[in-house]
$ cat target-v5.txt   # compact mmCIF, C-alpha atoms and all ligand atoms
# COMPACT_ATOMS: atom_id res chain seq x y z
CA MET V 1 15.81 181.39 82.36
CA LYS V 2 15.07 179.18 85.29
CA ARG V 3 13.19 180.34 88.24
CA ILE V 4 11.32 179.27 91.27
CA SER V 5 7.79 180.41 91.63
CA LEU V 6 6.36 181.45 94.93
CA ALA V 7 2.78 180.54 95.11
CA ILE V 8 -0.26 182.50 95.89
CA ALA V 9 -2.69 180.39 97.81
CA LEU V 10 -5.87 180.29 95.81
CA CYS V 11 -8.54 179.17 98.13
CA SER V 12 -11.61 177.38 96.93
CA VAL V 13 -14.21 176.77 99.54
CA CYS V 14 -15.68 173.35 99.08
CA ALA V 15 -17.79 172.69 102.12
CA LEU V 16 -20.20 174.90 103.97
CA SER V 17 -21.04 178.53 103.61
CA PHE V 18 -21.20 180.57 106.77
CA ALA V 19 -23.61 183.28 107.68
CA GLN V 20 -22.39 184.01 111.19
CA VAL V 21 -18.85 184.76 112.34
CA LYS V 22 -16.96 181.68 113.49
CA THR V 23 -13.57 181.36 115.10
CA PRO V 24 -11.09 178.82 113.71
CA VAL V 25 -9.75 176.62 116.51
CA ASP V 26 -7.45 174.27 114.58
CA THR V 27 -6.03 173.56 111.13
CA ILE V 28 -5.00 170.17 109.81
CA SER V 29 -2.83 170.15 106.67
CA ARG V 30 -2.37 167.24 104.30
CA GLY V 31 -0.65 167.78 100.96
CA ASN V 32 -2.47 170.63 99.26
CA LEU V 33 -5.53 170.40 101.51
CA SER V 34 -6.13 172.26 104.74
CA ILE V 35 -9.09 171.44 106.96
CA ILE V 36 -10.11 174.29 109.24
CA LEU V 37 -12.10 173.40 112.35
CA TYR V 38 -14.33 176.07 113.90
CA ASP V 39 -15.48 176.66 117.45
CA ASP V 40 -19.04 175.56 116.58
CA LYS V 41 -17.67 172.15 115.44
CA SER V 42 -18.20 172.94 111.75
CA TRP V 43 -15.33 172.62 109.29
CA GLN V 44 -14.14 173.78 105.91
CA TYR V 45 -11.78 172.45 103.25
CA ILE V 46 -9.28 174.86 101.70
CA GLU V 47 -7.48 173.67 98.62
CA ILE V 48 -4.17 175.40 97.98
CA GLN V 49 -3.22 175.64 94.34
CA PRO V 50 0.27 177.04 93.78
CA ASP V 51 0.08 179.46 90.91
CA VAL V 52 3.30 178.96 88.97
CA LYS V 53 2.90 182.18 87.01
CA SER V 54 2.65 184.43 90.06
CA ALA V 55 5.37 186.18 92.04
CA THR V 56 8.38 184.61 90.41
CA ILE V 57 11.83 185.05 91.92
CA ASP V 58 14.58 185.25 89.37
CA THR V 59 17.29 182.82 90.42
CA THR V 60 19.56 183.35 87.42
CA ASP V 61 22.22 184.48 89.88
CA ILE V 62 21.89 181.62 92.32
CA LYS V 63 24.84 182.81 94.40
CA ALA V 64 23.20 186.14 95.16
CA GLU V 65 21.54 185.08 98.42
CA ASN V 66 23.16 183.40 101.43
CA TRP V 67 26.07 181.95 99.53
CA VAL V 68 27.69 180.35 102.59
CA THR V 69 30.60 178.06 101.76
CA THR V 70 31.59 177.11 105.32
CA SER V 71 28.50 175.17 106.38
CA VAL V 72 26.04 172.63 104.99
CA TYR V 73 23.42 175.21 106.00
CA ALA V 74 23.24 178.56 104.25
CA GLN V 75 21.08 180.04 107.02
CA ASN V 76 19.47 177.70 109.52
CA PRO V 77 16.43 175.48 109.16
CA ASP V 78 13.40 177.59 110.09
CA TYR V 79 9.72 176.65 109.85
CA ALA V 80 8.83 180.32 109.40
CA ARG V 81 10.21 180.15 105.85
CA THR V 82 7.79 177.41 104.76
CA LYS V 83 4.51 179.29 104.89
CA ASP V 84 4.29 179.89 101.14
CA ALA V 85 3.82 176.91 98.87
CA SER V 86 6.49 176.73 96.14
CA VAL V 87 6.79 175.13 92.77
CA ILE V 88 10.19 173.71 91.88
CA ASP V 89 10.44 174.06 88.14
CA PHE V 90 12.76 171.51 86.53
CA GLY V 91 11.79 172.54 82.99
CA ASN V 92 13.93 170.49 80.63
CA ASP V 93 16.73 170.02 83.17
CA SER V 94 18.60 166.76 82.98
CA CYS V 95 18.67 164.80 86.20
CA SER V 96 20.51 161.90 87.77
CA PHE V 97 19.63 159.80 90.77
CA PRO V 98 22.54 160.49 93.17
CA ALA V 99 23.79 156.88 93.51
CA LYS V 100 23.26 153.46 91.97
CA GLY V 101 22.10 151.59 95.10
CA LYS V 102 18.65 151.05 96.60
CA VAL V 103 16.99 153.30 99.15
CA VAL V 104 17.48 151.62 102.53
CA SER V 105 15.99 154.29 104.81
CA SER V 106 13.24 156.82 104.11
CA PHE V 107 12.62 160.41 105.14
CA GLY V 108 10.72 160.62 108.43
CA MET V 109 10.86 159.76 112.11
CA ARG V 110 13.37 157.05 112.94
CA SER V 111 14.02 155.82 116.48
CA GLY V 112 12.47 158.97 117.91
CA LYS V 113 14.60 161.32 115.76
CA MET V 114 13.74 162.98 112.52
CA HIS V 115 15.66 161.61 109.53
CA THR V 116 15.76 164.55 107.14
CA GLY V 117 16.83 162.69 104.00
CA ILE V 118 16.94 159.27 102.38
CA ASP V 119 19.75 156.74 102.68
CA ILE V 120 20.94 155.05 99.49
CA ALA V 121 23.04 151.88 99.84
CA LEU V 122 26.66 152.21 98.70
CA LYS V 123 29.40 149.67 98.23
CA SER V 124 32.99 150.68 98.89
CA GLY V 125 34.21 152.98 96.13
CA ASP V 126 30.77 153.72 94.67
CA ALA V 127 30.43 157.09 92.98
CA VAL V 128 27.98 159.79 94.07
CA PHE V 129 26.49 161.97 91.32
CA ALA V 130 25.12 165.52 91.16
CA ALA V 131 21.33 165.23 90.87
CA PHE V 132 20.98 168.34 88.65
CA ASP V 133 23.12 171.06 87.12
CA GLY V 134 24.25 173.60 89.69
CA ILE V 135 27.11 175.16 91.66
CA VAL V 136 28.84 173.53 94.62
CA ARG V 137 28.12 175.66 97.71
CA PHE V 138 29.87 173.42 100.27
CA ALA V 139 32.43 170.62 99.88
CA GLY V 140 34.49 168.89 102.57
CA TRP V 141 34.38 168.02 106.25
CA SER V 142 31.23 169.36 107.83
CA GLY V 143 31.32 167.88 111.34
CA SER V 144 30.25 164.60 112.85
CA LYS V 145 26.62 164.69 111.74
CA TYR V 146 27.16 164.77 107.97
CA GLY V 147 30.87 163.90 107.81
CA ASN V 148 32.43 164.66 104.44
CA ALA V 149 29.64 166.29 102.51
CA VAL V 150 28.77 168.23 99.37
CA VAL V 151 25.93 170.73 98.94
CA VAL V 152 24.93 171.78 95.42
CA ARG V 153 22.64 174.73 94.74
CA HIS V 154 20.59 174.31 91.57
CA TYR V 155 19.22 176.89 89.16
CA ASN V 156 15.65 176.59 90.42
CA GLY V 157 16.39 177.34 94.10
CA LEU V 158 16.62 173.71 95.19
CA GLU V 159 19.67 172.53 97.16
CA THR V 160 20.77 168.90 97.34
CA VAL V 161 23.01 167.47 100.08
CA TYR V 162 25.28 164.42 99.75
CA ALA V 163 26.63 163.24 103.09
CA HIS V 164 28.86 160.53 104.62
CA LEU V 165 31.31 160.54 101.69
CA ASP V 166 34.83 159.06 101.81
CA ASP V 167 36.35 161.31 99.17
CA VAL V 168 35.07 164.65 97.95
CA LYS V 169 35.98 165.22 94.30
CA CYS V 170 34.59 168.71 93.75
CA LYS V 171 35.35 172.18 95.06
CA VAL V 172 33.33 175.09 96.37
CA ASN V 173 32.09 177.40 93.55
CA GLN V 174 32.60 174.66 90.95
CA LYS V 175 29.87 174.35 88.33
CA VAL V 176 28.64 170.78 88.02
CA ASN V 177 26.34 169.01 85.61
CA ALA V 178 23.70 166.43 86.43
CA GLY V 179 25.39 163.04 86.67
CA GLU V 180 28.86 164.47 87.34
CA ILE V 181 30.81 162.67 90.07
CA LEU V 182 30.90 164.69 93.31
CA GLY V 183 32.75 162.11 95.37
CA PHE V 184 32.92 158.50 96.46
CA GLY V 185 31.47 156.65 99.41
CA GLY V 186 30.72 153.24 100.87
CA LYS V 187 33.89 152.77 102.89
CA THR V 188 33.32 154.67 106.12
CA SER V 189 29.53 154.46 105.75
CA ASN V 190 27.50 151.87 103.86
CA HIS V 191 25.16 154.50 102.50
CA LEU V 192 24.80 157.96 101.03
CA HIS V 193 22.61 160.32 103.05
CA PHE V 194 20.81 162.47 100.46
CA GLU V 195 18.69 165.54 101.22
CA THR V 196 16.59 167.95 99.18
CA ARG V 197 16.18 171.42 100.70
CA LEU V 198 14.34 174.65 99.99
CA LYS V 199 15.72 177.67 101.88
CA ASP V 200 17.63 175.28 104.16
CA ASN V 201 14.51 173.31 105.08
CA ALA V 202 14.66 169.63 104.17
CA PHE V 203 11.69 167.90 102.57
CA ASP V 204 11.18 164.33 101.39
CA PRO V 205 13.43 163.62 98.35
CA GLU V 206 10.80 161.10 97.24
CA LEU V 207 8.63 164.08 96.29
CA VAL V 208 11.27 164.77 93.61
CA PHE V 209 12.58 161.33 92.66
CA ASN V 210 10.82 158.07 92.02
CA THR V 211 13.27 155.95 93.98
CA GLN V 212 12.28 152.78 92.10
CA THR V 213 13.20 154.15 88.68
CA GLY V 214 15.46 157.09 89.59
CA ALA V 215 13.33 159.34 87.36
CA LEU V 216 11.84 162.72 88.26
CA VAL V 217 8.31 162.53 89.66
CA ALA V 218 7.24 165.53 87.53
CA ASP V 219 8.74 168.49 85.68
CA ARG V 220 7.11 170.88 88.11
CA ILE V 221 6.89 169.81 91.71
CA PRO V 222 4.70 171.68 94.19
CA ILE V 223 5.98 171.80 97.76
CA TYR V 224 3.53 172.82 100.48
CA ALA V 225 3.93 174.09 104.01
CA SER V 226 2.57 170.74 105.18
CA ASN V 227 5.67 169.03 103.73
CA PHE V 228 7.61 170.75 106.53
CA ASP V 229 5.16 170.07 109.35
CA TYR V 230 7.71 167.83 111.07
CA MET V 231 9.75 170.98 111.79
CA LYS V 232 7.09 172.21 114.19
CA PHE V 233 7.82 169.29 116.46
CA VAL V 234 11.53 168.60 116.12
CA ASP V 235 14.51 170.86 115.94
CA ASN V 236 17.54 168.98 114.70
CA SER V 237 19.60 172.12 114.26
CA GLN V 238 23.26 171.47 114.87
CA TYR V 239 24.55 174.97 114.12
CA HIS V 240 23.56 178.59 114.28
CA ILE V 241 25.17 181.28 112.18
CA VAL V 242 25.43 184.45 114.26
CA LYS V 243 23.40 187.37 113.01
CA SER V 244 23.56 190.99 114.07
CA GLY V 245 21.85 191.41 117.45
CA ASP V 246 22.19 187.75 118.51
CA THR V 247 23.06 186.98 122.11
CA LEU V 248 24.23 183.69 123.59
CA TYR V 249 21.17 183.63 125.82
CA GLY V 250 18.80 184.25 122.92
CA ILE V 251 20.43 181.52 120.83
CA ALA V 252 20.35 179.06 123.75
CA ARG V 253 16.65 179.75 124.32
CA LYS V 254 15.78 179.43 120.64
CA TYR V 255 17.39 176.01 120.27
CA LYS V 256 16.54 174.77 123.78
CA VAL V 257 20.17 174.17 124.74
CA SER V 258 22.18 175.65 127.60
CA VAL V 259 24.56 178.61 127.31
CA LYS V 260 27.20 176.41 128.95
CA GLN V 261 26.80 173.76 126.26
CA ILE V 262 27.27 176.33 123.49
CA CYS V 263 30.35 177.73 125.27
CA ASP V 264 31.85 174.27 125.82
CA LEU V 265 31.24 173.11 122.25
CA ASN V 266 32.71 176.25 120.72
CA GLY V 267 35.52 177.03 123.14
CA ILE V 268 34.09 180.42 124.07
CA LYS V 269 33.15 182.13 127.34
CA GLU V 270 29.77 183.52 128.39
CA SER V 271 31.34 186.98 128.14
CA SER V 272 32.73 186.41 124.63
CA ILE V 273 31.62 188.82 121.93
CA LEU V 274 29.91 186.96 119.08
CA SER V 275 31.12 187.92 115.65
CA VAL V 276 28.47 188.11 112.93
CA GLY V 277 28.75 185.19 110.51
CA LYS V 278 30.44 182.90 113.06
CA ARG V 279 29.04 179.36 113.05
CA LEU V 280 28.21 178.10 116.51
CA LYS V 281 27.87 174.40 117.18
CA LEU V 282 24.76 173.73 119.26
CA ARG V 283 24.75 170.01 119.85
CA PRO V 284 27.54 167.49 120.29
ZN ZN V 301 20.49 159.36 106.45

$ encode --input "target-v5.txt" --output "structure tokens"
Amino acid sequence: MKRISLAIALCSVCALSFAQVKTPVDTISRGNLSIILYDDKSWQYIEIQPDVKSATIDTTDIKAENWVTTSVYAQNPDYARTKDASVIDFGNDSCSFPAKGKVVSSFGMRSGKMHTGIDIALKSGDAVFAAFDGIVRFAGWSGSKYGNAVVVRHYNGLETVYAHLDDVKCKVNQKVNAGEILGFGGKTSNHLHFETRLKDNAFDPELVFNTQTGALVADRIPIYASNFDYMKFVDNSQYHIVKSGDTLYGIARKYKVSVKQICDLNGIKESSILSVGKRLKLRP
């Protein structure tokens, strides 16, 4: 049985001990370390150790939650879902680096915009492979940002995204094995855009794969809230899936776009009734 373990933050205090009450004024996170700064200019290290045995979520039925087959996002990216550290457990899973080329662009800020994956060079007709065993959640045309894309959900809660393909060779709900061909690329784009996501939030695929060798970094990979810190500062959301109680004005405010822009992009009026589950485009 494969599962993803939610972590309990075990805090070990390494610095000073405090007799009087202090107020934290800031927190800086790096990897599994948080540094808390207090109003009296003292500080404290907190080391977060994900406990893989605690609070496990059974993901045997990986289609049970948010199985959305019409969008590359199952929900929407949301920093609020990153507060617990997680351990992605690969166990004895087989794995495959998603393409044969070299990484030509890394995860991170690029020309003032966040690049939420890695780019792997492709030549025309190159195959793109499933990174791990899983089930195809999305396959086909996804819009101008990702183009033809495939999203595979894996048995440990991880999702992988393969974007800018020429031909998609798999179908929604299809079971795939690591190394199985998902599609071909290299013609309309000279690279594969590859993402790793937890609960729709992208993190650096180089935490999972050694991009020099194509091998897994480790069998169990801890992912911390700090791996999603970029989300506090940028919101690259392209779509919102309407939930019960949503209003156009609320959605516009949340994503810092205008109501008019949402209406124009989706061919709706300000007075239109939003149906739950509808996918609204937010940015051109
Ligand atoms: Zn890219």

$ closest_residue --input "target-v5.txt" --among "V:Lys145, V:His164, V:Lys187, V:His193" --to "ligand ZN 301 (chain V)" --atoms "all atoms listed in the file"
V:His193

$ residues_near_ligand --input "target-v5.txt" --ligand "ligand ZN 301 (chain V)" --cutoff "12 Å" --atoms "all atoms listed in the file" --output "PyMOL selection string"
chain V and resi 103-110+113-121+145-147+161-165+189-196+204-205

$ residues_around --input "target-v5.txt" --residues "V:Pro77" --least-positions-apart "2" --cutoff "7 Å" --atoms "only C-alpha atoms" --output "ChimeraX atom specification"
/V:75,79,200-201,237

$ atom_distance --input "target-v5.txt" --atom1 "atom CA of V:Ser275" --atom2 "atom CA of V:Glu65"
19.9 Å

$ atom_distance --input "target-v5.txt" --atom1 "atom CA of V:Arg220" --atom2 "atom CA of V:Ile88"
5.6 Å

$ atom_distance --input "target-v5.txt" --atom1 "atom CA of V:Asp26" --atom2 "atom CA of V:Ala85"
19.5 Å

$ residues_around --input "target-v5.txt" --residues "V:Ala74" --least-positions-apart "6" --cutoff "9 Å" --atoms "all atoms listed in the file" --output "list in words"
Glu65, Asn66, Trp67, Val68, Arg137, Lys199, Asp200 and Ile241 of chain V

$ residues_near_point --input "target-v5.txt" --point "(29.1, 180.1, 129.4)" --cutoff "12 Å" --atoms "all atoms listed in the file" --output "list of chain:residue names"
V:Thr247, V:Leu248, V:Tyr249, V:Ala252, V:Val257, V:Ser258, V:Val259, V:Lys260, V:Gln261, V:Ile262, V:Cys263, V:Asp264, V:Leu265, V:Asn266, V:Gly267, V:Ile268, V:Lys269, V:Glu270, V:Ser271, V:Ser272, V:Ile273

$ closest_residue --input "target-v5.txt" --among "V:Phe203, V:Phe129, V:Trp141, V:Tyr255" --to "V:Tyr230" --atoms "all atoms listed in the file"
V:Phe203

$ residues_around --input "target-v5.txt" --residues "V:Ala131" --least-positions-apart "2" --cutoff "8 Å" --atoms "all atoms listed in the file" --output "PyMOL selection string"
chain V and resi 95-98+129+133+160+178-179

$ residues_near_point --input "target-v5.txt" --point "(18.3, 172.8, 93.8)" --cutoff "10 Å" --atoms "all atoms listed in the file" --output "list in words"
Ile4, Ile62, Ile88, Asp89, Phe90, Ala131, Phe132, Asp133, Gly134, Ile135, Val151, Val152, Arg153, His154, Tyr155, Asn156, Gly157, Leu158, Glu159, Thr160, Val161, Thr196, Arg197, Leu198 and Lys199 of chain V

$ residues_around --input "target-v5.txt" --residues "stretch 124-126 of chain V" --least-positions-apart "5" --cutoff "7 Å" --atoms "all atoms listed in the file" --output "VMD selection string"
chain V and resid 184 to 187

$ decode --input "target-v5.txt" --residues "stretch 95-109 of chain V" --atoms "N, CA, C and O atoms" --output "PDB file, in the first residue's frame"
ATOM      1  N   CYS V  95      11.006   4.378 -11.666  1.00  0.00           N
ATOM      2  CA  CYS V  95      10.871   5.752 -12.123  1.00  0.00           C
ATOM      3  C   CYS V  95      11.589   5.933 -13.450  1.00  0.00           C
ATOM      4  O   CYS V  95      12.403   5.109 -13.845  1.00  0.00           O
ATOM      5  N   SER V  96      11.203   6.998 -14.148  1.00  0.00           N
ATOM      6  CA  SER V  96      11.824   7.298 -15.432  1.00  0.00           C
ATOM      7  C   SER V  96      11.936   8.810 -15.545  1.00  0.00           C
ATOM      8  O   SER V  96      10.965   9.520 -15.282  1.00  0.00           O
ATOM      9  N   PHE V  97      13.088   9.308 -15.920  1.00  0.00           N
ATOM     10  CA  PHE V  97      13.172  10.733 -16.208  1.00  0.00           C
ATOM     11  C   PHE V  97      12.278  10.984 -17.428  1.00  0.00           C
ATOM     12  O   PHE V  97      12.225  10.153 -18.338  1.00  0.00           O
ATOM     13  N   PRO V  98      11.515  12.082 -17.457  1.00  0.00           N
ATOM     14  CA  PRO V  98      10.440  12.215 -18.455  1.00  0.00           C
ATOM     15  C   PRO V  98      10.871  12.401 -19.908  1.00  0.00           C
ATOM     16  O   PRO V  98      10.042  12.273 -20.809  1.00  0.00           O
ATOM     17  N   ALA V  99      12.154  12.719 -20.161  1.00  0.00           N
ATOM     18  CA  ALA V  99      12.615  12.845 -21.556  1.00  0.00           C
ATOM     19  C   ALA V  99      14.119  12.630 -21.578  1.00  0.00           C
ATOM     20  O   ALA V  99      14.782  12.667 -20.541  1.00  0.00           O
ATOM     21  N   LYS V 100      14.640  12.421 -22.795  1.00  0.00           N
ATOM     22  CA  LYS V 100      16.068  12.067 -22.891  1.00  0.00           C
ATOM     23  C   LYS V 100      17.008  13.274 -22.896  1.00  0.00           C
ATOM     24  O   LYS V 100      18.194  13.144 -22.653  1.00  0.00           O
ATOM     25  N   GLY V 101      16.473  14.480 -23.160  1.00  0.00           N
ATOM     26  CA  GLY V 101      17.340  15.656 -23.320  1.00  0.00           C
ATOM     27  C   GLY V 101      17.856  16.223 -22.001  1.00  0.00           C
ATOM     28  O   GLY V 101      17.569  15.719 -20.918  1.00  0.00           O
ATOM     29  N   LYS V 102      18.605  17.317 -22.143  1.00  0.00           N
ATOM     30  CA  LYS V 102      19.176  17.993 -20.965  1.00  0.00           C
ATOM     31  C   LYS V 102      18.205  19.065 -20.450  1.00  0.00           C
ATOM     32  O   LYS V 102      17.384  19.584 -21.205  1.00  0.00           O
ATOM     33  N   VAL V 103      18.341  19.383 -19.170  1.00  0.00           N
ATOM     34  CA  VAL V 103      17.536  20.463 -18.601  1.00  0.00           C
ATOM     35  C   VAL V 103      18.105  21.801 -19.082  1.00  0.00           C
ATOM     36  O   VAL V 103      19.282  22.082 -18.897  1.00  0.00           O
ATOM     37  N   VAL V 104      17.255  22.580 -19.749  1.00  0.00           N
ATOM     38  CA  VAL V 104      17.725  23.853 -20.311  1.00  0.00           C
ATOM     39  C   VAL V 104      17.176  25.057 -19.548  1.00  0.00           C
ATOM     40  O   VAL V 104      17.590  26.188 -19.786  1.00  0.00           O
ATOM     41  N   SER V 105      16.235  24.849 -18.639  1.00  0.00           N
ATOM     42  CA  SER V 105      15.733  25.945 -17.813  1.00  0.00           C
ATOM     43  C   SER V 105      15.242  25.367 -16.489  1.00  0.00           C
ATOM     44  O   SER V 105      14.553  24.352 -16.465  1.00  0.00           O
ATOM     45  N   SER V 106      15.622  26.031 -15.400  1.00  0.00           N
ATOM     46  CA  SER V 106      15.314  25.514 -14.063  1.00  0.00           C
ATOM     47  C   SER V 106      14.015  26.097 -13.524  1.00  0.00           C
ATOM     48  O   SER V 106      13.462  27.044 -14.082  1.00  0.00           O
ATOM     49  N   PHE V 107      13.593  25.544 -12.403  1.00  0.00           N
ATOM     50  CA  PHE V 107      12.462  26.050 -11.634  1.00  0.00           C
ATOM     51  C   PHE V 107      12.894  27.344 -10.953  1.00  0.00           C
ATOM     52  O   PHE V 107      13.971  27.407 -10.378  1.00  0.00           O
ATOM     53  N   GLY V 108      12.077  28.369 -11.017  1.00  0.00           N
ATOM     54  CA  GLY V 108      12.400  29.613 -10.312  1.00  0.00           C
ATOM     55  C   GLY V 108      12.008  30.832 -11.115  1.00  0.00           C
ATOM     56  O   GLY V 108      11.368  30.723 -12.162  1.00  0.00           O
ATOM     57  N   MET V 109      12.381  32.000 -10.608  1.00  0.00           N
ATOM     58  CA  MET V 109      12.025  33.239 -11.296  1.00  0.00           C
ATOM     59  C   MET V 109      12.795  33.336 -12.606  1.00  0.00           C
ATOM     60  O   MET V 109      13.978  33.022 -12.678  1.00  0.00           O
TER      61      MET V 109
END
